[in-house]
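Below is the file my_file-v4.cif, which contains mmCIF, C-alpha atoms.
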```cif
data_protein
loop_
_atom_site.label_atom_id
_atom_site.label_comp_id
_atom_site.auth_asym_id
_atom_site.auth_seq_id
_atom_site.Cartn_x
_atom_site.Cartn_y
_atom_site.Cartn_z
CA MET Q 1 20.39 -42.93 -21.07
CA LYS Q 2 17.54 -41.50 -18.95
CA LYS Q 3 16.76 -45.03 -17.77
CA MET Q 4 20.40 -45.60 -16.68
CA LEU Q 5 20.51 -42.24 -14.90
CA PHE Q 6 17.27 -43.08 -13.07
CA ILE Q 7 18.68 -46.48 -11.94
CA VAL Q 8 21.93 -44.90 -10.69
CA ALA Q 9 19.97 -42.20 -8.81
CA ALA Q 10 17.67 -44.82 -7.25
CA MET Q 11 20.65 -46.91 -6.11
CA ALA Q 12 22.41 -43.88 -4.62
CA THR Q 13 19.26 -42.89 -2.72
CA THR Q 14 18.87 -46.43 -1.38
CA LEU Q 15 22.49 -46.58 -0.24
CA MET Q 16 22.24 -43.20 1.49
CA ALA Q 17 19.06 -44.32 3.27
CA CYS Q 18 20.78 -47.49 4.49
CA ASN Q 19 23.78 -45.58 5.84
CA LYS Q 20 21.50 -43.02 7.51
CA GLN Q 21 19.42 -45.77 9.14
CA THR Q 22 22.54 -47.52 10.46
CA CYS Q 23 23.90 -44.29 11.94
CA ASP Q 24 20.55 -43.31 13.45
CA LYS Q 25 20.54 -46.59 15.38
CA GLN Q 26 23.90 -45.60 16.92
CA THR Q 27 25.65 -48.63 15.46
CA CYS Q 28 28.76 -48.59 13.41
CA ASP Q 29 30.75 -51.47 12.00
CA LYS Q 30 34.48 -51.29 11.45
CA GLU Q 31 34.12 -50.74 7.69
CA ALA Q 32 31.69 -47.86 8.23
CA CYS Q 33 34.10 -46.28 10.72
CA GLU Q 34 36.96 -46.52 8.24
CA LYS Q 35 34.83 -44.92 5.52
CA GLN Q 36 33.47 -42.34 8.01
CA THR Q 37 29.89 -43.05 6.94
CA CYS Q 38 28.59 -43.12 10.51
CA GLU Q 39 28.67 -40.35 13.06
CA LYS Q 40 32.27 -39.78 14.15
CA GLN Q 41 31.45 -39.97 17.88
CA VAL Q 42 29.93 -43.43 17.52
CA CYS Q 43 32.88 -44.63 15.43
CA ASP Q 44 35.35 -43.29 17.98
CA LYS Q 45 33.62 -45.13 20.84
CA GLN Q 46 33.51 -48.42 18.98
CA THR Q 47 37.11 -48.11 17.82
CA LYS Q 48 38.28 -47.46 21.41
CA ALA Q 49 36.32 -50.48 22.63
CA GLU Q 50 37.84 -52.66 19.90
CA VAL Q 51 41.36 -51.47 20.77
CA LYS Q 52 40.74 -52.20 24.45
CA ALA Q 53 39.44 -55.68 23.68
CA VAL Q 54 42.54 -56.48 21.65
CA SER Q 55 44.93 -54.99 24.18
CA PHE Q 56 44.00 -57.15 27.19
CA SER Q 57 43.51 -60.45 25.36
CA GLY Q 58 45.95 -63.14 26.44
CA GLU Q 59 47.64 -64.44 29.58
CA TRP Q 60 48.60 -62.24 32.53
CA THR Q 61 50.55 -63.16 35.68
CA LEU Q 62 49.37 -61.72 39.02
CA THR Q 63 51.88 -59.43 40.77
CA GLU Q 64 49.79 -57.52 43.36
CA ILE Q 65 46.52 -57.74 45.27
CA ASN Q 66 45.37 -54.41 46.74
CA GLY Q 67 48.91 -53.02 46.39
CA LYS Q 68 50.53 -55.97 48.20
CA GLN Q 69 53.24 -57.85 46.23
CA ILE Q 70 52.44 -61.52 45.54
CA GLU Q 71 55.02 -64.21 46.09
CA SER Q 72 54.20 -67.60 44.61
CA GLU Q 73 54.79 -70.71 46.68
CA GLU Q 74 57.84 -72.78 45.85
CA GLY Q 75 57.08 -75.36 43.19
CA LYS Q 76 53.73 -73.78 42.30
CA PRO Q 77 53.04 -71.47 39.37
CA ALA Q 78 52.14 -67.86 40.10
CA PRO Q 79 48.42 -67.06 39.91
CA PHE Q 80 47.38 -65.99 36.41
CA ILE Q 81 44.40 -64.98 34.30
CA ILE Q 82 43.68 -65.52 30.60
CA PHE Q 83 41.25 -63.26 28.75
CA ASP Q 84 39.69 -64.49 25.50
CA THR Q 85 38.22 -61.28 24.09
CA ASN Q 86 36.77 -63.04 21.03
CA GLU Q 87 34.47 -65.15 23.23
CA ASN Q 88 34.35 -62.86 26.33
CA LYS Q 89 35.65 -65.78 28.40
CA VAL Q 90 38.14 -65.79 31.24
CA ASN Q 91 40.04 -68.57 33.03
CA GLY Q 92 43.15 -69.02 35.08
CA ASN Q 93 44.55 -70.21 38.37
CA ALA Q 94 44.34 -68.38 41.70
CA GLY Q 95 47.32 -70.16 43.26
CA CYS Q 96 45.61 -73.44 44.12
CA ASN Q 97 42.33 -73.71 42.24
CA SER Q 98 41.48 -73.11 38.61
CA PHE Q 99 38.71 -70.66 37.78
CA PHE Q 100 36.61 -69.94 34.71
CA GLY Q 101 33.75 -67.75 33.58
CA SER Q 102 32.94 -64.81 31.37
CA PHE Q 103 33.27 -61.05 31.43
CA ILE Q 104 31.10 -58.19 30.28
CA THR Q 105 32.37 -54.96 28.70
CA ASP Q 106 30.49 -51.80 27.78
CA THR Q 107 31.05 -50.15 24.39
CA THR Q 108 29.90 -46.78 25.77
CA ASN Q 109 32.54 -46.97 28.55
CA PRO Q 110 35.67 -48.69 27.19
CA SER Q 111 37.21 -49.16 30.66
CA ALA Q 112 34.16 -50.92 32.18
CA LEU Q 113 34.59 -54.64 32.93
CA LYS Q 114 32.59 -57.04 35.07
CA PHE Q 115 33.12 -60.75 35.69
CA ASP Q 116 30.07 -62.97 35.21
CA ASN Q 117 29.11 -66.64 35.70
CA MET Q 118 32.34 -67.43 37.53
CA GLY Q 119 33.20 -70.84 38.94
CA SER Q 120 36.24 -72.64 40.29
CA THR Q 121 37.55 -75.99 41.43
CA LYS Q 122 37.38 -76.54 45.20
CA MET Q 123 40.67 -78.12 46.27
CA MET Q 124 42.06 -77.35 49.71
CA CYS Q 125 45.66 -76.16 49.81
CA ALA Q 126 48.09 -75.39 52.62
CA ASN Q 127 48.02 -71.63 52.01
CA MET Q 128 44.65 -70.28 50.87
CA GLU Q 129 45.28 -66.63 51.82
CA THR Q 130 46.44 -65.45 48.39
CA GLU Q 131 43.63 -67.31 46.65
CA ASP Q 132 40.96 -65.99 49.02
CA ASN Q 133 42.21 -62.42 48.55
CA PHE Q 134 42.39 -62.93 44.77
CA PHE Q 135 38.77 -64.11 44.51
CA MET Q 136 37.58 -61.36 46.86
CA ALA Q 137 39.31 -58.72 44.71
CA MET Q 138 37.85 -60.20 41.50
CA GLY Q 139 34.39 -59.72 42.97
CA GLN Q 140 35.10 -55.98 43.36
CA VAL Q 141 36.27 -55.37 39.77
CA SER Q 142 34.33 -52.79 37.76
CA SER Q 143 36.96 -51.43 35.36
CA ILE Q 144 40.19 -52.25 33.58
CA GLU Q 145 43.28 -50.28 32.61
CA CYS Q 146 45.83 -51.86 30.36
CA ASN Q 147 48.98 -51.15 28.40
CA ALA Q 148 51.32 -53.48 26.51
CA SER Q 149 52.90 -54.93 29.66
CA THR Q 150 50.62 -54.20 32.66
CA LEU Q 151 46.96 -54.85 33.37
CA GLN Q 152 45.16 -53.30 36.35
CA LEU Q 153 41.69 -54.26 37.51
CA LYS Q 154 39.98 -51.55 39.55
CA ASP Q 155 37.01 -51.32 41.90
CA LYS Q 156 34.10 -48.88 41.65
CA ASN Q 157 36.16 -46.19 43.43
CA ASN Q 158 38.94 -46.56 40.83
CA ASN Q 159 41.28 -48.24 43.34
CA VAL Q 160 43.59 -50.87 41.83
CA VAL Q 161 42.64 -54.24 43.36
CA LEU Q 162 44.60 -56.58 41.06
CA THR Q 163 47.78 -55.94 39.05
CA PHE Q 164 49.11 -58.31 36.39
CA VAL Q 165 52.03 -58.38 33.96
CA ARG Q 166 51.78 -59.88 30.47
CA LYS Q 167 53.18 -63.36 30.28
#
```
Can you turn what I pasted into structure tokens?
Amino acid sequence: MKKMLFIVAAMATTLMACNKQTCDKQTCDKEACEKQTCEKQVCDKQTKAEVKAVSFSGEWTLTEINGKQIESEEGKPAPFIIFDTNENKVNGNAGCNSFFGSFITDTTNPSALKFDNMGSTKMMCANMETEDNFFMAMGQVSSIECNASTLQLKDKNNNVVLTFVRK
């Protein structure tokens, strides 16, 4: 009986030490957040970041650049963007050329977003104005705001530079 009690006490001490170490490192997995074994503040930040990642995943159609309504050319699809939040990849079409790359988010600031390693095809089209403005605005993006139907990409001054609707 004493032996069993000693083993149970040793296991409990080990488990508490593991949870304490995880929380001290300011990390928190989803299971730990649900069980509230990590510091609540850390869990809240990670949960918000996870919700944000899920909420903007998918395909979005461009509606505005710097507050100006976008009209797609006849016979051509409207510019769009697709976020893959599982892989942190992005791709789409700017009106003429396809683009691709990745994005970076920050778990300490759930609205932070930056495009990285971007590339595109280089076809010449009759009207490049929308595409040029689109790529210029993408280069200014530093944050994201999203709800179920609208996605806004903002610059460092919190000005909306690109507005999309969920497809």
Can you write out as a Markdown table which residues of segment 79-120 of chain Q fall within 6 Å of segment 60-69 of chain Q, alongside each residue's closest atom pair and its distance in Å to one decimal, counting all atoms listed in the file and ordering rows by chain and ascending residue number?
```
| residue | atom | partner | partner_atom | distance |
| --- | --- | --- | --- | --- |
| Q:Pro79 | CA | Q:Leu62 | CA | 5.5 |
| Q:Phe80 | CA | Q:Thr61 | CA | 4.3 |
| Q:Ile81 | CA | Q:Trp60 | CA | 5.3 |
```
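Reported to one decimal place, the separation of atom CA of Val161 of chain Q from atom CA of Asp84 of chain Q is 20.8 Å.
Closest approach to Phe115 of chain Q among Q:Ser143, Q:Asn127, Q:Phe134, Q:Asn97 is made by Q:Ser143 (distances from only C-alpha atoms).
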Report task. I would like the residues chosen by the PyMOL selection byres ((chain Q and resi 100-112) around 6) on the shown file; could you give them as a PyMOL selection string? Result -> chain Q and resi 49+88-91+99+113-119+142-144
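Our summary of the geometry notes that atom CA of Met128 of chain Q is positioned 21.1 Å from atom CA of Leu153 of chain Q.
Note that the spacing between atom CA of Asn133 of chain Q and atom CA of Ser149 of chain Q amounts to 23.0 Å.
For the set Q:Ala94, Q:Ala126, Q:Met136, Q:Leu151, the residue with the smallest atom-to-atom gap to Phe56 of chain Q is Q:Leu151, counting only C-alpha atoms.
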Reference answer for the PyMOL selection byres ((chain Q and resi 150) around 8), as a short mmCIF file (atom, residue, chain, number, x, y, z; two decimals) with C-alpha atoms, in the frame of the given file:
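Dumped to part_26.cif:
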```
data_model
loop_
_atom_site.label_atom_id
_atom_site.label_comp_id
_atom_site.auth_asym_id
_atom_site.auth_seq_id
_atom_site.Cartn_x
_atom_site.Cartn_y
_atom_site.Cartn_z
CA CYS Q 146 45.83 -51.86 30.36
CA ASN Q 147 48.98 -51.15 28.40
CA ALA Q 148 51.32 -53.48 26.51
CA SER Q 149 52.90 -54.93 29.66
CA LEU Q 151 46.96 -54.85 33.37
CA GLN Q 152 45.16 -53.30 36.35
CA THR Q 163 47.78 -55.94 39.05
CA PHE Q 164 49.11 -58.31 36.39
CA VAL Q 165 52.03 -58.38 33.96
CA ARG Q 166 51.78 -59.88 30.47
#
```
Query - Target residues per the PyMOL selection byres ((chain Q and resi 96) around 8), formatted as a ChimeraX atom specification - result: /Q:93-95,97-98,123-125,128,131
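Nearest to Phe83 of chain Q of all the residues Q:Glu145, Q:Asp155, Q:Glu59, Q:Asp132 is Q:Glu59, counting only C-alpha atoms.
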